[in-house]
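Q: Before anything else, here's the structure in question.
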Amino acid sequence: MPELPEIETIRRQLAPELEGRRVEQLDVLDARWCEPAEPSALEDAVRGRRIERVARRGKYLVLELEDDIHLAMHLRMTGNLLLSHDDERPHLRARFLIEGGKRLLFLDVRRFGTGVVLLGREARDAYFDVRLGPEPLDPDFTAEALRAQTRGRTAPVKAFLLNQERIAGVGNIYADEALFRAKIHPLRPVGALRRPQVAALRDAVVASLEAGIDAKGASIDDFRHSDGAEGSFQDEFLAYGREGEPCVRCGRPIRKIRAAGRGTYFCAYCQRAPRAGKALGSRR
DNA sequence: CGCCCTGTTGGGGA
DNA sequence: ATCCCCAACAGGGC
């Protein structure tokens with residue numbers, strides 16, 4: 001379930017545990033994790049260096065190490081980070097030995113997750129700049145900024161939200177959640193949204209993400225929570241994964257379609273279908 | 001038991 | 001820009 005809120009939750013839990021401590025050693029157990037780089041390249045770059053900050057950019061968790069070395073990790077679909085005293089776990093892909101004895105374990109059943117070392121601030125910024133748009137929780141993510149970004153675009157609004165180059169960190173679940181809250185049909189051309197709808201969408205994106213962060217998430221600490229103890233975020237969502245169940249606003253059944261290649265849940269009544277023949281605000 | 005489909009992501013090719 | 005497939009695996013429906 002790693003979208004922006006889950007990564008941010010992990011970051012907040014990890015920061016006080018890791019910041020200021022050294023990485024005594026890194027073991028990359030699956031070479032695919034860091035392709036096309038060699039595991040030894042990551043292990044050598046990280047070994048012995050102090051973690052100055054645990055940061056997040058979009059869905060990436062970033063260990064900012066001394067000497068301006070950055071390790072950006074992406075959990076993809078099933079990746080997970082666990083703070084543990086154990087050296088072995090099922091689906092272990094990479095293991096950090098942290099000064100003081102704890103281990104930071106990167107677990108990933110499907111092995112889609114990645115780790116990349118970025119040498120220098122410029123390299124780090126360049127890496128993110130070509131992949132990620134603005135952070136939705138930054139103060140400058142305003143309705144006007146979003147409007148400027150959407151104008152003239154014909155992509156379905158859901159595809160726009162999922163595109164990390166447009167907005168960083170919004171995934172399939174929070175995209176549906178935001179559209180439901182803003183009462184916007186997922187297939188509406190994003191450029192056709194009126195000013196008030198753009199404003200509603202901005203607010204809904206921010207509110208959905210913040211709600212996700214506030215929701216009690218799974219702890220990454222071995223001691224407070226053991227393995228499968230994941231909070232059921234599912235219950236927090238208003239439409240996602242609830243095909244056929246009644247819309248919380250109008251009671252009509254939630255529908256499922258495919259949008260931008262992903263399963264998409266919405267209320268066909270609350271979120272009006274795009275009007276044919278009016279793709280981009282006919283006027284103006 | 002086997003087969004088929006789906007999936008919290010993102011990159012690549014047509 | 002857009003659709004489709006792929007990565008590797010688990011779980012559910014039939």
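Chain labels A, B, ... are given in the sequence in which chains occur in the structure tokens; within each chain residues are numbered consecutively from 1, and ligands are likewise numbered from 1 in the order shown.
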Identify every residue of chain B that has at least one atom within 10 Å of any atom of chain A, counting only C-alpha atoms (C1' of nucleotides), and report the result as a list in words.
A: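 Selected residues: DT6, DG7, DT8, DT9 and DG10 of chain B.
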Q: Could you save those same residues with N, CA and C atoms (P, O5', C5', C4', C3', O3' and C1' of nucleotides) as an mmCIF file, in the first residue's frame?
A:
data_model
loop_
_atom_site.group_PDB
_atom_site.id
_atom_site.type_symbol
_atom_site.label_atom_id
_atom_site.label_comp_id
_atom_site.auth_asym_id
_atom_site.auth_seq_id
_atom_site.Cartn_x
_atom_site.Cartn_y
_atom_site.Cartn_z
ATOM 1 P P DT B 6 -9.108 -9.153 -15.044
ATOM 2 O "O5'" DT B 6 -8.505 -8.737 -13.643
ATOM 3 C "C5'" DT B 6 -9.305 -8.859 -12.477
ATOM 4 C "C4'" DT B 6 -8.474 -8.512 -11.265
ATOM 5 C "C3'" DT B 6 -7.663 -7.223 -11.444
ATOM 6 O "O3'" DT B 6 -8.082 -6.265 -10.480
ATOM 7 C "C1'" DT B 6 -6.323 -9.004 -10.569
ATOM 8 P P DG B 7 -7.608 -4.743 -10.675
ATOM 9 O "O5'" DG B 7 -6.369 -4.661 -9.676
ATOM 10 C "C5'" DG B 7 -6.490 -5.127 -8.330
ATOM 11 C "C4'" DG B 7 -5.134 -5.030 -7.684
ATOM 12 C "C3'" DG B 7 -4.297 -3.863 -8.210
ATOM 13 O "O3'" DG B 7 -3.932 -2.972 -7.169
ATOM 14 C "C1'" DG B 7 -3.064 -5.904 -8.276
ATOM 15 P P DT B 8 -4.591 -1.549 -7.377
ATOM 16 O "O5'" DT B 8 -3.506 -0.549 -6.800
ATOM 17 C "C5'" DT B 8 -3.539 -0.295 -5.438
ATOM 18 C "C4'" DT B 8 -2.375 0.589 -4.998
ATOM 19 C "C3'" DT B 8 -1.078 0.539 -5.800
ATOM 20 O "O3'" DT B 8 -0.383 1.757 -5.535
ATOM 21 C "C1'" DT B 8 -0.692 -0.404 -3.705
ATOM 22 P P DT B 9 -0.045 2.666 -6.776
ATOM 23 O "O5'" DT B 9 1.252 1.924 -7.287
ATOM 24 C "C5'" DT B 9 2.406 1.916 -6.476
ATOM 25 C "C4'" DT B 9 3.640 1.960 -7.355
ATOM 26 C "C3'" DT B 9 3.619 3.090 -8.391
ATOM 27 O "O3'" DT B 9 4.826 3.811 -8.267
ATOM 28 C "C1'" DT B 9 4.018 0.989 -9.448
ATOM 29 P P DG B 10 5.028 5.163 -9.092
ATOM 30 O "O5'" DG B 10 5.879 4.658 -10.335
ATOM 31 C "C5'" DG B 10 7.111 4.020 -10.087
ATOM 32 C "C4'" DG B 10 7.627 3.397 -11.352
ATOM 33 C "C3'" DG B 10 7.703 4.364 -12.550
ATOM 34 O "O3'" DG B 10 8.901 4.070 -13.245
ATOM 35 C "C1'" DG B 10 6.514 2.458 -13.158
#
Q: I need the contact residues of chain A against chain C, so if you could list those with any atom within 9 Å, counting only C-alpha atoms (C1' of nucleotides), and return them as a list in words, that would help.
A: Val109, Arg110, Arg111, Phe112, Thr154, Ala155, Ala260 and Gly261 of chain A
Q: Report, in Å to a single decimal, how far apart atom CA of A:Ala273 and atom CA of A:Arg258 are.
A: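 Here the two named atoms are 14.0 Å from each other.
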Q: Mind pulling up the distance from atom CA of A:Asp27 to atom CA of A:Pro90?
A: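 Those two atoms sit 15.1 Å apart.
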Q: Applying 10 Å and only C-alpha atoms (C1' of nucleotides), which residues near A:Val46 remain after dropping the ones on its own chain fewer than 5 positions away? List them as a PDB file with all heavy atoms, in the first residue's frame.
A:
ATOM      1  N   ARG A  22      25.135   5.761  12.218  1.00  0.00           N
ATOM      2  CA  ARG A  22      25.867   5.301  11.047  1.00  0.00           C
ATOM      3  C   ARG A  22      25.274   4.024  10.481  1.00  0.00           C
ATOM      4  O   ARG A  22      24.707   3.225  11.221  1.00  0.00           O
ATOM      5  CB  ARG A  22      27.342   5.028  11.396  1.00  0.00           C
ATOM      6  CG  ARG A  22      28.128   6.269  11.623  1.00  0.00           C
ATOM      7  CD  ARG A  22      29.576   6.001  11.982  1.00  0.00           C
ATOM      8  NE  ARG A  22      30.184   7.224  12.456  1.00  0.00           N
ATOM      9  CZ  ARG A  22      30.550   8.234  11.664  1.00  0.00           C
ATOM     10  NH1 ARG A  22      30.388   8.124  10.356  1.00  0.00           N
ATOM     11  NH2 ARG A  22      31.071   9.337  12.154  1.00  0.00           N
ATOM     12  N   VAL A  23      25.448   3.869   9.188  1.00  0.00           N
ATOM     13  CA  VAL A  23      25.159   2.573   8.560  1.00  0.00           C
ATOM     14  C   VAL A  23      26.459   1.792   8.618  1.00  0.00           C
ATOM     15  O   VAL A  23      27.409   2.097   7.904  1.00  0.00           O
ATOM     16  CB  VAL A  23      24.709   2.736   7.095  1.00  0.00           C
ATOM     17  CG1 VAL A  23      24.457   1.363   6.476  1.00  0.00           C
ATOM     18  CG2 VAL A  23      23.464   3.598   7.003  1.00  0.00           C
ATOM     19  N   GLU A  24      26.501   0.808   9.471  1.00  0.00           N
ATOM     20  CA  GLU A  24      27.749   0.050   9.597  1.00  0.00           C
ATOM     21  C   GLU A  24      27.986  -0.820   8.375  1.00  0.00           C
ATOM     22  O   GLU A  24      29.121  -1.057   7.975  1.00  0.00           O
ATOM     23  CB  GLU A  24      27.718  -0.801  10.872  1.00  0.00           C
ATOM     24  CG  GLU A  24      27.741   0.069  12.135  1.00  0.00           C
ATOM     25  CD  GLU A  24      27.636  -0.751  13.414  1.00  0.00           C
ATOM     26  OE1 GLU A  24      27.275  -1.939  13.331  1.00  0.00           O
ATOM     27  OE2 GLU A  24      27.895  -0.178  14.487  1.00  0.00           O
ATOM     28  N   GLN A  25      26.889  -1.277   7.813  1.00  0.00           N
ATOM     29  CA  GLN A  25      27.032  -2.161   6.652  1.00  0.00           C
ATOM     30  C   GLN A  25      25.714  -2.242   5.902  1.00  0.00           C
ATOM     31  O   GLN A  25      24.641  -2.108   6.490  1.00  0.00           O
ATOM     32  CB  GLN A  25      27.451  -3.564   7.124  1.00  0.00           C
ATOM     33  CG  GLN A  25      27.809  -4.519   6.001  1.00  0.00           C
ATOM     34  CD  GLN A  25      28.256  -5.863   6.546  1.00  0.00           C
ATOM     35  OE1 GLN A  25      28.863  -5.945   7.615  1.00  0.00           O
ATOM     36  NE2 GLN A  25      27.944  -6.922   5.822  1.00  0.00           N
ATOM     37  N   LEU A  26      25.817  -2.450   4.603  1.00  0.00           N
ATOM     38  CA  LEU A  26      24.633  -2.706   3.785  1.00  0.00           C
ATOM     39  C   LEU A  26      24.856  -4.002   3.023  1.00  0.00           C
ATOM     40  O   LEU A  26      25.911  -4.195   2.416  1.00  0.00           O
ATOM     41  CB  LEU A  26      24.392  -1.559   2.789  1.00  0.00           C
ATOM     42  CG  LEU A  26      23.397  -1.843   1.655  1.00  0.00           C
ATOM     43  CD1 LEU A  26      21.996  -2.127   2.183  1.00  0.00           C
ATOM     44  CD2 LEU A  26      23.350  -0.679   0.670  1.00  0.00           C
ATOM     45  N   SER A  40      27.697  -4.088  -5.019  1.00  0.00           N
ATOM     46  CA  SER A  40      28.881  -3.602  -4.290  1.00  0.00           C
ATOM     47  C   SER A  40      29.012  -2.090  -4.383  1.00  0.00           C
ATOM     48  O   SER A  40      29.531  -1.450  -3.467  1.00  0.00           O
ATOM     49  CB  SER A  40      30.138  -4.280  -4.846  1.00  0.00           C
ATOM     50  OG  SER A  40      30.273  -3.989  -6.233  1.00  0.00           O
ATOM     51  N   ALA A  41      28.515  -1.516  -5.463  1.00  0.00           N
ATOM     52  CA  ALA A  41      28.594  -0.059  -5.599  1.00  0.00           C
ATOM     53  C   ALA A  41      27.771   0.624  -4.515  1.00  0.00           C
ATOM     54  O   ALA A  41      28.201   1.616  -3.914  1.00  0.00           O
ATOM     55  CB  ALA A  41      28.112   0.365  -6.987  1.00  0.00           C
ATOM     56  N   ILE A  51      23.783   8.761   8.842  1.00  0.00           N
ATOM     57  CA  ILE A  51      22.517   9.188   8.233  1.00  0.00           C
ATOM     58  C   ILE A  51      22.177  10.566   8.784  1.00  0.00           C
ATOM     59  O   ILE A  51      21.911  10.728   9.973  1.00  0.00           O
ATOM     60  CB  ILE A  51      21.384   8.191   8.568  1.00  0.00           C
ATOM     61  CG1 ILE A  51      21.720   6.801   8.034  1.00  0.00           C
ATOM     62  CG2 ILE A  51      20.061   8.695   8.003  1.00  0.00           C
ATOM     63  CD1 ILE A  51      20.788   5.714   8.551  1.00  0.00           C
ATOM     64  N   LEU A  63      17.471   8.172   2.159  1.00  0.00           N
ATOM     65  CA  LEU A  63      18.444   8.283   3.248  1.00  0.00           C
ATOM     66  C   LEU A  63      19.516   9.267   2.794  1.00  0.00           C
ATOM     67  O   LEU A  63      20.256   8.993   1.848  1.00  0.00           O
ATOM     68  CB  LEU A  63      19.082   6.927   3.553  1.00  0.00           C
ATOM     69  CG  LEU A  63      18.171   5.816   4.051  1.00  0.00           C
ATOM     70  CD1 LEU A  63      19.004   4.594   4.464  1.00  0.00           C
ATOM     71  CD2 LEU A  63      17.311   6.282   5.215  1.00  0.00           C
ATOM     72  N   LEU A  65      22.863  10.716   3.454  1.00  0.00           N
ATOM     73  CA  LEU A  65      24.059  10.355   4.210  1.00  0.00           C
ATOM     74  C   LEU A  65      25.087  11.469   4.155  1.00  0.00           C
ATOM     75  O   LEU A  65      25.008  12.376   3.322  1.00  0.00           O
ATOM     76  CB  LEU A  65      24.657   9.076   3.627  1.00  0.00           C
ATOM     77  CG  LEU A  65      23.696   7.896   3.542  1.00  0.00           C
ATOM     78  CD1 LEU A  65      24.268   6.804   2.662  1.00  0.00           C
ATOM     79  CD2 LEU A  65      23.378   7.357   4.921  1.00  0.00           C
ATOM     80  N   GLU A  66      26.052  11.358   5.051  1.00  0.00           N
ATOM     81  CA  GLU A  66      27.121  12.360   5.019  1.00  0.00           C
ATOM     82  C   GLU A  66      27.896  12.240   3.712  1.00  0.00           C
ATOM     83  O   GLU A  66      27.753  11.264   2.987  1.00  0.00           O
ATOM     84  CB  GLU A  66      28.047  12.183   6.227  1.00  0.00           C
ATOM     85  CG  GLU A  66      28.726  10.837   6.295  1.00  0.00           C
ATOM     86  CD  GLU A  66      29.535  10.697   7.585  1.00  0.00           C
ATOM     87  OE1 GLU A  66      30.046  11.714   8.075  1.00  0.00           O
ATOM     88  OE2 GLU A  66      29.640   9.562   8.089  1.00  0.00           O
ATOM     89  N   ILE A  69      25.839  11.969  -0.008  1.00  0.00           N
ATOM     90  CA  ILE A  69      25.466  10.736  -0.696  1.00  0.00           C
ATOM     91  C   ILE A  69      24.027  10.391  -0.319  1.00  0.00           C
ATOM     92  O   ILE A  69      23.660  10.435   0.854  1.00  0.00           O
ATOM     93  CB  ILE A  69      26.435   9.594  -0.315  1.00  0.00           C
ATOM     94  CG1 ILE A  69      27.790   9.868  -0.967  1.00  0.00           C
ATOM     95  CG2 ILE A  69      25.873   8.242  -0.707  1.00  0.00           C
ATOM     96  CD1 ILE A  69      28.877   8.922  -0.534  1.00  0.00           C
ATOM     97  N   HIS A  70      23.227  10.096  -1.314  1.00  0.00           N
ATOM     98  CA  HIS A  70      21.804   9.870  -1.081  1.00  0.00           C
ATOM     99  C   HIS A  70      21.392   8.500  -1.592  1.00  0.00           C
ATOM    100  O   HIS A  70      21.758   8.115  -2.688  1.00  0.00           O
ATOM    101  CB  HIS A  70      20.975  10.946  -1.790  1.00  0.00           C
ATOM    102  CG  HIS A  70      21.418  12.335  -1.468  1.00  0.00           C
ATOM    103  ND1 HIS A  70      20.857  13.075  -0.451  1.00  0.00           N
ATOM    104  CD2 HIS A  70      22.403  13.106  -2.001  1.00  0.00           C
ATOM    105  CE1 HIS A  70      21.470  14.245  -0.380  1.00  0.00           C
ATOM    106  NE2 HIS A  70      22.403  14.302  -1.304  1.00  0.00           N
ATOM    107  N   LEU A  71      20.626   7.815  -0.789  1.00  0.00           N
ATOM    108  CA  LEU A  71      20.098   6.520  -1.209  1.00  0.00           C
ATOM    109  C   LEU A  71      18.585   6.635  -1.323  1.00  0.00           C
ATOM    110  O   LEU A  71      17.885   6.813  -0.320  1.00  0.00           O
ATOM    111  CB  LEU A  71      20.478   5.431  -0.206  1.00  0.00           C
ATOM    112  CG  LEU A  71      19.942   4.034  -0.521  1.00  0.00           C
ATOM    113  CD1 LEU A  71      20.410   3.561  -1.892  1.00  0.00           C
ATOM    114  CD2 LEU A  71      20.365   3.051   0.541  1.00  0.00           C
ATOM    115  N   PHE A  96      20.266  -3.211   6.144  1.00  0.00           N
ATOM    116  CA  PHE A  96      21.203  -2.217   6.671  1.00  0.00           C
ATOM    117  C   PHE A  96      21.496  -2.568   8.123  1.00  0.00           C
ATOM    118  O   PHE A  96      20.573  -2.764   8.910  1.00  0.00           O
ATOM    119  CB  PHE A  96      20.585  -0.820   6.643  1.00  0.00           C
ATOM    120  CG  PHE A  96      20.194  -0.316   5.285  1.00  0.00           C
ATOM    121  CD1 PHE A  96      19.052  -0.786   4.664  1.00  0.00           C
ATOM    122  CD2 PHE A  96      20.962   0.645   4.637  1.00  0.00           C
ATOM    123  CE1 PHE A  96      18.671  -0.315   3.410  1.00  0.00           C
ATOM    124  CE2 PHE A  96      20.584   1.118   3.383  1.00  0.00           C
ATOM    125  CZ  PHE A  96      19.445   0.643   2.776  1.00  0.00           C
ATOM    126  N   VAL A 117      21.693   4.798  -5.598  1.00  0.00           N
ATOM    127  CA  VAL A 117      22.575   5.752  -4.930  1.00  0.00           C
ATOM    128  C   VAL A 117      22.788   6.954  -5.826  1.00  0.00           C
ATOM    129  O   VAL A 117      23.049   6.807  -7.028  1.00  0.00           O
ATOM    130  CB  VAL A 117      23.940   5.110  -4.593  1.00  0.00           C
ATOM    131  CG1 VAL A 117      24.988   6.192  -4.331  1.00  0.00           C
ATOM    132  CG2 VAL A 117      23.822   4.223  -3.368  1.00  0.00           C
TER     133      VAL A 117
END
Q: Compare A:Leu161, A:Cys267, A:Gly152, A:Glu122 by their minimum atom-to-atom distance to A:Val248, counting only C-alpha atoms, and give me the closest one.
A: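 Residue with the minimum atom-to-atom distance to A:Val248: A:Cys267.
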